[in-house]
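Raw contents of start_11.txt, compact mmCIF, C-alpha atoms:
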# COMPACT_ATOMS: atom_id res chain seq x y z
CA MET A 1 0.00 0.00 0.00
CA ASN A 2 1.13 3.55 -0.58
CA TRP A 3 1.72 6.22 2.08
CA ASP A 4 -1.86 7.53 2.09
CA GLU A 5 -3.29 4.02 2.46
CA PHE A 6 -0.86 3.42 5.33
CA ALA A 7 -1.99 6.72 6.89
CA GLN A 8 -5.61 5.56 6.70
CA ALA A 9 -4.75 2.20 8.28
CA ALA A 10 -2.55 3.69 11.04
CA PRO A 11 -3.27 7.44 11.25
CA GLU A 12 -1.49 8.17 14.52
CA LEU A 13 1.68 6.34 13.55
CA ALA A 14 1.69 7.90 10.08
CA GLN A 15 1.36 11.38 11.55
CA LEU A 16 4.30 10.76 13.91
CA GLY A 17 6.33 9.44 10.98
CA PHE A 18 5.40 12.33 8.71
CA GLU A 19 6.45 14.87 11.35
CA ARG A 20 9.76 13.10 12.04
CA ILE A 21 10.63 12.81 8.35
CA GLU A 22 9.55 16.35 7.48
CA ARG A 23 11.67 17.76 10.31
CA SER A 24 14.86 17.13 8.30
CA GLY A 25 13.38 16.04 4.96
CA MET A 26 15.83 13.16 5.10
CA VAL A 27 15.87 9.53 6.13
CA LEU A 28 18.54 6.90 6.50
CA LEU A 29 17.70 4.33 3.85
CA GLY A 30 18.70 0.72 4.45
CA THR A 31 19.16 -1.41 1.32
CA LEU A 32 21.00 -4.60 0.44
CA ARG A 33 24.26 -4.67 -1.50
CA PRO A 34 24.77 -7.31 -4.21
CA ASN A 35 26.87 -9.35 -1.74
CA GLY A 36 24.08 -9.36 0.88
CA PHE A 37 25.68 -6.77 3.18
CA PRO A 38 23.31 -4.09 4.45
CA ARG A 39 23.96 -0.57 3.15
CA ILE A 40 22.84 2.76 4.68
CA SER A 41 22.50 5.92 2.61
CA PRO A 42 21.00 9.30 3.44
CA CYS A 43 18.03 10.02 1.17
CA GLU A 44 15.57 12.87 0.70
CA VAL A 45 11.85 12.10 0.98
CA ILE A 46 9.07 14.05 -0.75
CA PHE A 47 5.43 13.36 0.14
CA CYS A 48 3.51 13.80 -3.10
CA ASP A 49 0.63 12.08 -4.94
CA GLY A 50 -0.18 10.14 -1.74
CA GLU A 51 3.24 8.52 -1.91
CA ALA A 52 6.49 8.67 0.02
CA MET A 53 8.81 9.47 -2.91
CA LEU A 54 12.56 8.93 -2.93
CA GLY A 55 14.57 10.50 -5.73
CA MET A 56 18.10 9.23 -6.34
CA MET A 57 21.02 10.15 -8.54
CA TRP A 58 21.22 8.19 -11.75
CA ARG A 59 22.99 4.84 -11.20
CA SER A 60 23.73 5.62 -7.55
CA PRO A 61 24.53 2.54 -5.42
CA LYS A 62 21.29 2.74 -3.40
CA ALA A 63 19.19 3.00 -6.58
CA LEU A 64 20.92 -0.02 -8.09
CA ASP A 65 20.36 -1.89 -4.81
CA LEU A 66 16.60 -1.23 -4.97
CA LEU A 67 16.31 -2.16 -8.64
CA ARG A 68 17.85 -5.53 -7.82
CA GLU A 69 16.32 -6.11 -4.35
CA PRO A 70 13.37 -3.83 -3.49
CA ARG A 71 13.25 -4.57 0.24
CA CYS A 72 14.25 -1.50 2.23
CA VAL A 73 13.79 0.39 5.47
CA LEU A 74 13.52 4.13 6.07
CA HIS A 75 14.66 5.50 9.42
CA SER A 76 14.07 9.07 10.58
CA THR A 77 17.17 11.12 11.34
CA VAL A 78 18.11 11.92 14.90
CA SER A 79 19.83 15.05 16.17
CA LYS A 80 19.80 14.45 19.93
CA THR A 81 21.41 11.74 22.00
CA ASP A 82 18.62 11.09 24.49
CA GLY A 83 15.98 9.41 22.31
CA THR A 84 13.33 12.01 23.20
CA GLU A 85 12.73 13.01 19.57
CA GLY A 86 11.36 9.58 18.71
CA ASP A 87 12.58 7.13 16.06
CA PHE A 88 10.32 6.31 13.14
CA LYS A 89 10.93 3.27 10.93
CA LEU A 90 9.11 2.30 7.77
CA TYR A 91 9.61 -1.13 6.20
CA GLY A 92 8.58 -1.86 2.65
CA ARG A 93 9.62 -2.18 -0.95
CA GLY A 94 10.97 0.43 -3.30
CA VAL A 95 8.88 0.57 -6.48
CA ASP A 96 10.63 2.05 -9.52
CA VAL A 97 8.57 4.89 -11.05
CA ARG A 98 8.93 5.26 -14.82
CA ASP A 99 5.70 7.17 -15.60
CA LEU A 100 6.41 10.76 -16.57
CA GLY A 101 3.33 12.12 -14.72
CA PRO A 102 4.39 11.29 -11.15
CA ARG A 103 8.04 12.02 -12.02
CA LYS A 104 7.05 15.53 -13.12
CA ARG A 105 4.97 16.07 -9.97
CA TYR A 106 7.90 14.85 -7.86
CA CYS A 107 10.21 17.36 -9.57
CA GLU A 108 7.72 20.19 -9.02
CA ALA A 109 7.30 19.30 -5.35
CA LEU A 110 11.05 19.08 -4.87
CA PHE A 111 11.59 22.40 -6.63
CA ALA A 112 8.90 24.08 -4.52
CA LYS A 113 10.62 22.82 -1.39
CA THR A 114 14.28 23.28 -2.26
CA GLY A 115 14.58 25.45 -5.39
CA TRP A 116 16.25 22.60 -7.24
CA GLN A 117 15.06 19.71 -9.37
CA PRO A 118 16.75 16.95 -11.34
CA THR A 119 16.59 16.74 -15.13
CA GLU A 120 14.79 13.97 -17.03
CA PRO A 121 15.76 11.22 -17.58
CA GLU A 122 18.83 11.31 -15.37
CA PHE A 123 17.40 10.36 -12.01
CA HIS A 124 15.72 7.39 -10.36
CA LEU A 125 12.40 7.76 -8.57
CA PHE A 126 11.02 5.20 -6.14
CA VAL A 127 7.79 5.13 -4.13
CA ILE A 128 7.49 3.00 -1.01
CA ASP A 129 5.09 0.07 -0.91
CA VAL A 130 4.57 0.11 2.88
CA GLU A 131 4.61 -3.19 4.78
CA ALA A 132 5.26 -2.25 8.41
CA ALA A 133 6.08 0.76 10.58
CA GLY A 134 7.26 1.46 14.08
CA PHE A 135 7.79 4.39 16.41
CA THR A 136 9.91 4.41 19.57
CA LEU A 137 10.22 7.27 22.02
CA PHE A 138 12.37 7.39 25.13
CA GLY A 139 11.95 10.00 27.83
CA GLY A 140 11.48 10.33 31.56
CA GLY A 141 12.75 6.79 32.02
CA LYS A 142 9.85 5.45 29.94
CA LYS A 143 9.69 3.89 26.54
CA LEU A 144 6.77 4.34 24.16
CA VAL A 145 6.42 1.90 21.31
CA LYS A 146 3.86 1.88 18.51
CA ALA A 147 3.95 -0.68 15.77
CA TRP A 148 1.83 -1.60 12.79
CA ARG A 149 2.03 -4.36 10.20
CA ARG A 150 -0.01 -4.81 7.07
CA MET B 1 38.02 -9.62 0.17
CA GLY B 2 40.83 -9.47 2.71
CA LYS B 3 40.76 -10.01 6.43
CA ALA B 4 38.68 -7.57 8.45
CA LEU B 5 40.75 -5.12 10.48
CA THR B 6 40.39 -3.49 13.86
CA TRP B 7 39.84 0.27 13.81
CA ALA B 8 43.48 0.81 14.84
CA ALA B 9 44.80 -1.33 11.98
CA PHE B 10 42.51 0.48 9.54
CA ALA B 11 43.71 3.83 10.93
CA GLN B 12 47.30 2.77 10.40
CA GLN B 13 46.59 2.02 6.73
CA GLU B 14 44.34 5.03 6.13
CA PRO B 15 45.01 7.68 8.77
CA GLU B 16 43.17 10.51 6.99
CA LEU B 17 40.01 8.50 6.34
CA ALA B 18 40.08 7.18 9.93
CA ALA B 19 40.37 10.74 11.26
CA ILE B 20 37.34 11.77 9.18
CA GLY B 21 35.45 8.73 10.43
CA HIS B 22 36.32 9.54 14.02
CA ARG B 23 35.07 13.11 13.59
CA LEU B 24 31.79 12.06 11.94
CA LEU B 25 31.08 9.29 14.47
CA TYR B 26 31.42 11.93 17.23
CA PRO B 27 29.22 14.71 15.82
CA PHE B 28 28.97 16.44 19.21
CA GLY B 29 32.73 16.46 19.72
CA PRO B 30 35.33 13.88 20.77
CA ASP B 31 34.38 14.10 24.44
CA ALA B 32 30.65 13.62 23.91
CA VAL B 33 28.62 10.53 23.06
CA ALA B 34 29.21 8.98 19.63
CA LEU B 35 26.19 8.38 17.40
CA GLY B 36 25.60 6.29 14.34
CA PHE B 37 23.07 4.21 12.45
CA LEU B 38 23.69 0.49 12.47
CA ALA B 39 22.36 -1.61 9.61
CA THR B 40 21.94 -5.36 10.01
CA THR B 41 20.31 -8.13 8.00
CA ARG B 42 16.99 -9.51 9.22
CA ALA B 43 16.18 -13.23 9.36
CA ASP B 44 14.11 -12.86 6.18
CA GLY B 45 17.10 -11.26 4.43
CA GLY B 46 15.78 -7.69 4.43
CA PRO B 47 17.71 -4.76 5.88
CA ARG B 48 17.21 -3.25 9.35
CA VAL B 49 18.47 0.18 10.51
CA HIS B 50 18.75 1.39 14.09
CA PRO B 51 20.43 4.33 15.84
CA VAL B 52 23.25 3.30 18.19
CA CYS B 53 25.92 4.87 20.40
CA PRO B 54 29.18 3.24 19.28
CA ALA B 55 32.56 4.05 20.80
CA LEU B 56 36.19 4.06 19.72
CA LEU B 57 38.10 2.59 22.64
CA GLY B 58 41.67 1.34 22.78
CA GLY B 59 41.94 1.02 19.02
CA GLY B 60 38.65 -0.83 18.57
CA LEU B 61 35.19 0.18 17.37
CA TYR B 62 32.53 -1.15 19.72
CA VAL B 63 28.80 -1.11 20.20
CA PHE B 64 26.53 -2.42 22.95
CA VAL B 65 23.14 -3.77 21.90
CA ILE B 66 20.22 -4.83 24.10
CA ASP B 67 20.05 -8.62 24.39
CA ALA B 68 16.34 -8.81 23.58
CA SER B 69 16.59 -6.48 20.56
CA PRO B 70 16.05 -7.67 16.98
CA LYS B 71 19.44 -6.29 15.94
CA ARG B 72 21.19 -8.44 18.56
CA ALA B 73 19.53 -11.50 16.98
CA ASP B 74 20.58 -10.23 13.54
CA LEU B 75 24.23 -9.85 14.58
CA ALA B 76 24.30 -13.22 16.32
CA ARG B 77 22.91 -14.94 13.22
CA ASP B 78 24.64 -12.91 10.48
CA GLY B 79 27.40 -10.67 11.79
CA ARG B 80 27.51 -8.41 8.74
CA TYR B 81 26.94 -4.77 9.64
CA ALA B 82 27.19 -1.30 8.16
CA LEU B 83 27.63 1.72 10.41
CA HIS B 84 26.81 5.20 9.15
CA GLY B 85 27.97 8.40 10.81
CA PHE B 86 25.21 10.79 11.72
CA PRO B 87 24.20 12.96 8.80
CA ALA B 88 21.75 14.99 10.86
CA VAL B 89 24.50 17.42 11.73
CA LYS B 90 25.82 18.08 8.24
CA ASP B 91 24.12 16.26 5.42
CA ASP B 92 26.58 17.03 2.63
CA GLU B 93 29.24 14.81 4.16
CA SER B 94 28.99 11.24 5.36
CA PHE B 95 31.09 8.34 6.54
CA TYR B 96 30.30 4.69 6.68
CA CYS B 97 32.16 1.50 7.41
CA ALA B 98 31.16 -2.14 7.09
CA GLY B 99 32.44 -5.56 8.00
CA PRO B 100 31.81 -8.37 10.45
CA ALA B 101 30.62 -7.79 14.02
CA ARG B 102 32.10 -10.08 16.65
CA GLU B 103 30.51 -10.72 20.04
CA ILE B 104 32.85 -10.07 22.98
CA ASP B 105 31.84 -12.36 25.82
CA ASP B 106 34.95 -12.02 27.99
CA PRO B 107 33.65 -10.38 31.23
CA ALA B 108 36.84 -8.36 31.81
CA ALA B 109 36.82 -6.95 28.27
CA ARG B 110 33.12 -6.16 28.61
CA ALA B 111 33.66 -4.36 31.92
CA ALA B 112 36.56 -2.35 30.51
CA ALA B 113 34.51 -1.30 27.49
CA ARG B 114 31.52 -0.43 29.65
CA ALA B 115 33.70 1.82 31.81
CA GLY B 116 34.98 3.59 28.68
CA PHE B 117 31.56 4.23 27.12
CA LYS B 118 30.14 7.72 27.56
CA SER B 119 26.61 6.47 26.98
CA VAL B 120 24.74 4.50 29.64
CA VAL B 121 25.24 0.74 29.27
CA ARG B 122 22.62 -1.55 30.78
CA ASP B 123 23.25 -4.95 32.37
CA ASP B 124 21.22 -6.65 29.65
CA GLU B 125 23.39 -5.46 26.75
CA THR B 126 25.93 -7.43 24.76
CA LEU B 127 29.21 -5.98 23.50
CA PHE B 128 30.19 -6.34 19.85
CA GLU B 129 33.43 -5.29 18.19
CA LEU B 130 32.87 -3.92 14.70
CA ARG B 131 35.77 -4.84 12.44
CA LEU B 132 36.26 -3.15 9.10
CA GLU B 133 36.40 -4.48 5.57
CA ARG B 134 35.48 -1.23 3.89
CA ALA B 135 35.06 2.44 4.64
CA LEU B 136 33.69 5.29 2.58
CA HIS B 137 33.67 9.06 2.94
CA THR B 138 31.35 11.02 0.64
CA THR B 139 31.24 14.75 0.08
CA TRP B 140 29.09 16.59 -2.46
CA GLU B 141 30.52 19.05 -4.92
CA ASN B 142 28.08 21.70 -6.21
CA ALA B 143 25.27 20.24 -4.10
CA ARG B 144 21.77 20.97 -5.39
CA THR B 145 22.89 22.13 -8.81
CA PRO B 146 22.87 20.29 -12.14
CA ALA B 147 26.64 19.91 -11.76
CA THR B 148 26.37 18.09 -8.44
CA ARG B 149 28.59 15.09 -8.04
CA PRO B 150 29.73 12.96 -5.16
CA ILE B 151 33.40 12.78 -4.29
CA TYR B 152 34.33 9.48 -2.71
CA ARG B 153 37.26 8.43 -0.63
CA ARG B 154 37.19 4.63 -0.40
CA TRP B 155 39.11 2.00 1.44
CA ARG B 156 38.85 -1.79 1.30
CA THR B 157 40.90 -4.50 2.93

Could you spell out this file's structure in structure tokens?
Amino acid sequence: MNWDEFAQAAPELAQLGFERIERSGMVLLGTLRPNGFPRISPCEVIFCDGEAMLGMMWRSPKALDLLREPRCVLHSTVSKTDGTEGDFKLYGRGVDVRDLGPRKRYCEALFAKTGWQPTEPEFHLFVIDVEAAGFTLFGGGKKLVKAWRR
Amino acid sequence: MGKALTWAAFAQQEPELAAIGHRLLYPFGPDAVALGFLATTRADGGPRVHPVCPALLGGGLYVFVIDASPKRADLARDGRYALHGFPAVKDDESFYCAGPAREIDDPAARAAARAGFKSVVRDDETLFELRLERALHTTWENARTPATRPIYRRWRT
């Protein structure tokens, strides 16, 4: 399911995730290298068309990982050491977007946000097919956990 | 691929890259807590990512993980890890290293590491040493322009 469908199924968790991701606009993306090792790469996320969209440089290692093995995880960035910001994780599959319509809307949304956009056809665009999500918050000696699975 | 090295042995081979890695694993300064994202491989083969407080101690790169956590099970089953320095501080520069994680079950070594960690270590955490087979530093030239390109500094055993 796409981001909006996930948000309908788990509205509270999706809102927490949206806020955490929008705070920096970035996630740490976990993918799998050809040799089976996990890889982590920073990646920008744009919410557009009801999707969580990830644009990547043409032929970048993380894009090649997803084209070969779509399983991935997105993790919100963290700027404090005490866990009180909350960690959001999203598990799913990266779906390669070739249609020019959503690619154009992604570029427009990115340009509106950052003043920059990539040039067709020299970028990869993936949307996340959401499978599971989790949120963890530490603070005051307590731990809050929310989890959802399709 | 060659034999995985300790941080100290890696630093001897690649002092500049190791110094960059040290700086980016301690984004709040060398006397504060280190922070990174640890990637492991799940039982079903998919990737997992989790924030951790690693530490460089006595020439080794270490991390404590909670015994009951999924990432502990991942490392026990398939020791392959990747550790990424925190990009939240400065996102146009990043460092990562990867290799095998090795559980340290010697009580004296665990106690010594625990004493050296700046983050709080619980009783129910297991110590792993992260050895290195590869390291990568990325900076971005002309970020956010059509001429943007990554500049890599790579090392492999």

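What separates atom CA of Val121 of chain B from atom CA of Val52 of chain B is a distance of 11.5 Å.
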
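Atom pair atom CA of Phe88 of chain A / atom CA of Ala147 of chain A has a distance of 9.8 Å (rounded to one decimal).
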
Spatial neighbours of Glu5 of chain A, 12 Å, all atoms listed in the file, chain gap at least 3 places, as a VMD selection string:
chain A and resid 1 to 2 8 to 11 14 49 to 52 128 to 131 150

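Note that atom CA of Pro51 of chain B and atom CA of Ser60 of chain A are 23.7 Å apart.
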
Pick out the residues sitting within 7 Å of Thr40 of chain B, and hand them over as a ChimeraX atom specification; count all atoms listed in the file, and ignore anything fewer than 6 positions along from it in its own chain.
/A:38 /B:47-49,71,74-75,80-82

Could you save the residues just selected, with C-alpha atoms, as an mmCIF file, keeping the file's coordinate frame?
data_model
loop_
_atom_site.group_PDB
_atom_site.id
_atom_site.type_symbol
_atom_site.label_atom_id
_atom_site.label_comp_id
_atom_site.auth_asym_id
_atom_site.auth_seq_id
_atom_site.Cartn_x
_atom_site.Cartn_y
_atom_site.Cartn_z
ATOM 1 C CA PRO A 38 23.310 -4.090 4.450
ATOM 2 C CA PRO B 47 17.710 -4.760 5.880
ATOM 3 C CA ARG B 48 17.210 -3.250 9.350
ATOM 4 C CA VAL B 49 18.470 0.180 10.510
ATOM 5 C CA LYS B 71 19.440 -6.290 15.940
ATOM 6 C CA ASP B 74 20.580 -10.230 13.540
ATOM 7 C CA LEU B 75 24.230 -9.850 14.580
ATOM 8 C CA ARG B 80 27.510 -8.410 8.740
ATOM 9 C CA TYR B 81 26.940 -4.770 9.640
ATOM 10 C CA ALA B 82 27.190 -1.300 8.160
#

Within 9 Å of (42.2, -7.8, 8.3), in the coordinates the file gives, what residues turn up when you count all atoms listed in the file, written out as an mmCIF file with C-alpha atoms, in the coordinates of the input?
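Output below, filename result37.cif:
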data_model
loop_
_atom_site.group_PDB
_atom_site.id
_atom_site.type_symbol
_atom_site.label_atom_id
_atom_site.label_comp_id
_atom_site.auth_asym_id
_atom_site.auth_seq_id
_atom_site.Cartn_x
_atom_site.Cartn_y
_atom_site.Cartn_z
ATOM 1 C CA GLY B 2 40.830 -9.470 2.710
ATOM 2 C CA LYS B 3 40.760 -10.010 6.430
ATOM 3 C CA ALA B 4 38.680 -7.570 8.450
ATOM 4 C CA LEU B 5 40.750 -5.120 10.480
ATOM 5 C CA THR B 6 40.390 -3.490 13.860
ATOM 6 C CA ALA B 9 44.800 -1.330 11.980
ATOM 7 C CA PHE B 10 42.510 0.480 9.540
ATOM 8 C CA ARG B 131 35.770 -4.840 12.440
ATOM 9 C CA LEU B 132 36.260 -3.150 9.100
ATOM 10 C CA GLU B 133 36.400 -4.480 5.570
ATOM 11 C CA THR B 157 40.900 -4.500 2.930
#

Counting all atoms listed in the file, a student should be able to say which residues of chain A come within 8 Å of chain B; what is the right answer, written as a VMD selection string?
chain A and resid 24 28 to 32 37 to 42 71 to 75 77 to 79 81 116 to 119

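Taking only C-alpha atoms into account, Arg33 of chain A lies nearest to A:Leu64 out of the set A:Ile21, A:Leu16, A:Met53, A:Leu64.
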
Might you pull out every residue within 12 Å of Asp99 of chain A, with only C-alpha atoms counted and same-chain residues fewer than 6 positions away left off, and present them as a ChimeraX atom specification?
/A:105-106,120-121,124-127

With C-alpha atoms kept, could you save the residues just selected as a short mmCIF file (atom, residue, chain, number, x, y, z; two decimals), in the frame of the given file?
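Dumped everything to selection-v9.cif:
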data_model
loop_
_atom_site.label_atom_id
_atom_site.label_comp_id
_atom_site.auth_asym_id
_atom_site.auth_seq_id
_atom_site.Cartn_x
_atom_site.Cartn_y
_atom_site.Cartn_z
CA ARG A 105 4.97 16.07 -9.97
CA TYR A 106 7.90 14.85 -7.86
CA GLU A 120 14.79 13.97 -17.03
CA PRO A 121 15.76 11.22 -17.58
CA HIS A 124 15.72 7.39 -10.36
CA LEU A 125 12.40 7.76 -8.57
CA PHE A 126 11.02 5.20 -6.14
CA VAL A 127 7.79 5.13 -4.13
#

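Checking A:Ala112, A:Val95, A:Val145, A:Leu137 one by one against Pro70 of chain A, counting all atoms listed in the file, you find the shortest gap at A:Val95.
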
Considering all atoms listed in the file, return as a VMD selection string whatever protein or nucleic-acid residues lie within 6 Å of Phe64 of chain B, sequence-local ones (same chain, fewer than 3 positions apart) excluded.
chain B and resid 125 to 127

Could you give me, as a VMD selection string, the residues within 12 Å of Lys142 of chain A, counting only C-alpha atoms and dropping anything in the same chain fewer than 4 positions from it?
chain A and resid 82 to 84 136 to 138

Export, as a PDB file, keeping the file's coordinate frame, the selected residues with C-alpha atoms.
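The new file out33.pdb reads:
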ATOM      1  CA  ASP A  82      18.620  11.090  24.490  1.00  0.00           C
ATOM      2  CA  GLY A  83      15.980   9.410  22.310  1.00  0.00           C
ATOM      3  CA  THR A  84      13.330  12.010  23.200  1.00  0.00           C
ATOM      4  CA  THR A 136       9.910   4.410  19.570  1.00  0.00           C
ATOM      5  CA  LEU A 137      10.220   7.270  22.020  1.00  0.00           C
ATOM      6  CA  PHE A 138      12.370   7.390  25.130  1.00  0.00           C
TER       7      PHE A 138
END

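Using all atoms listed in the file, the nearest neighbour of Val120 of chain B within the list B:Gly60, B:Asp105, B:Trp140, B:Ala55 is B:Ala55.
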
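Candidate residues B:Arg134, B:Glu129, B:Arg110, B:Ala43 were compared for distance to Pro70 of chain B, and the nearest is B:Ala43, using all atoms listed in the file.
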
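Closest approach to Arg153 of chain B among B:Leu130, B:Ala68, B:Leu136, B:Leu24 is made by B:Leu136 (distances from only C-alpha atoms).
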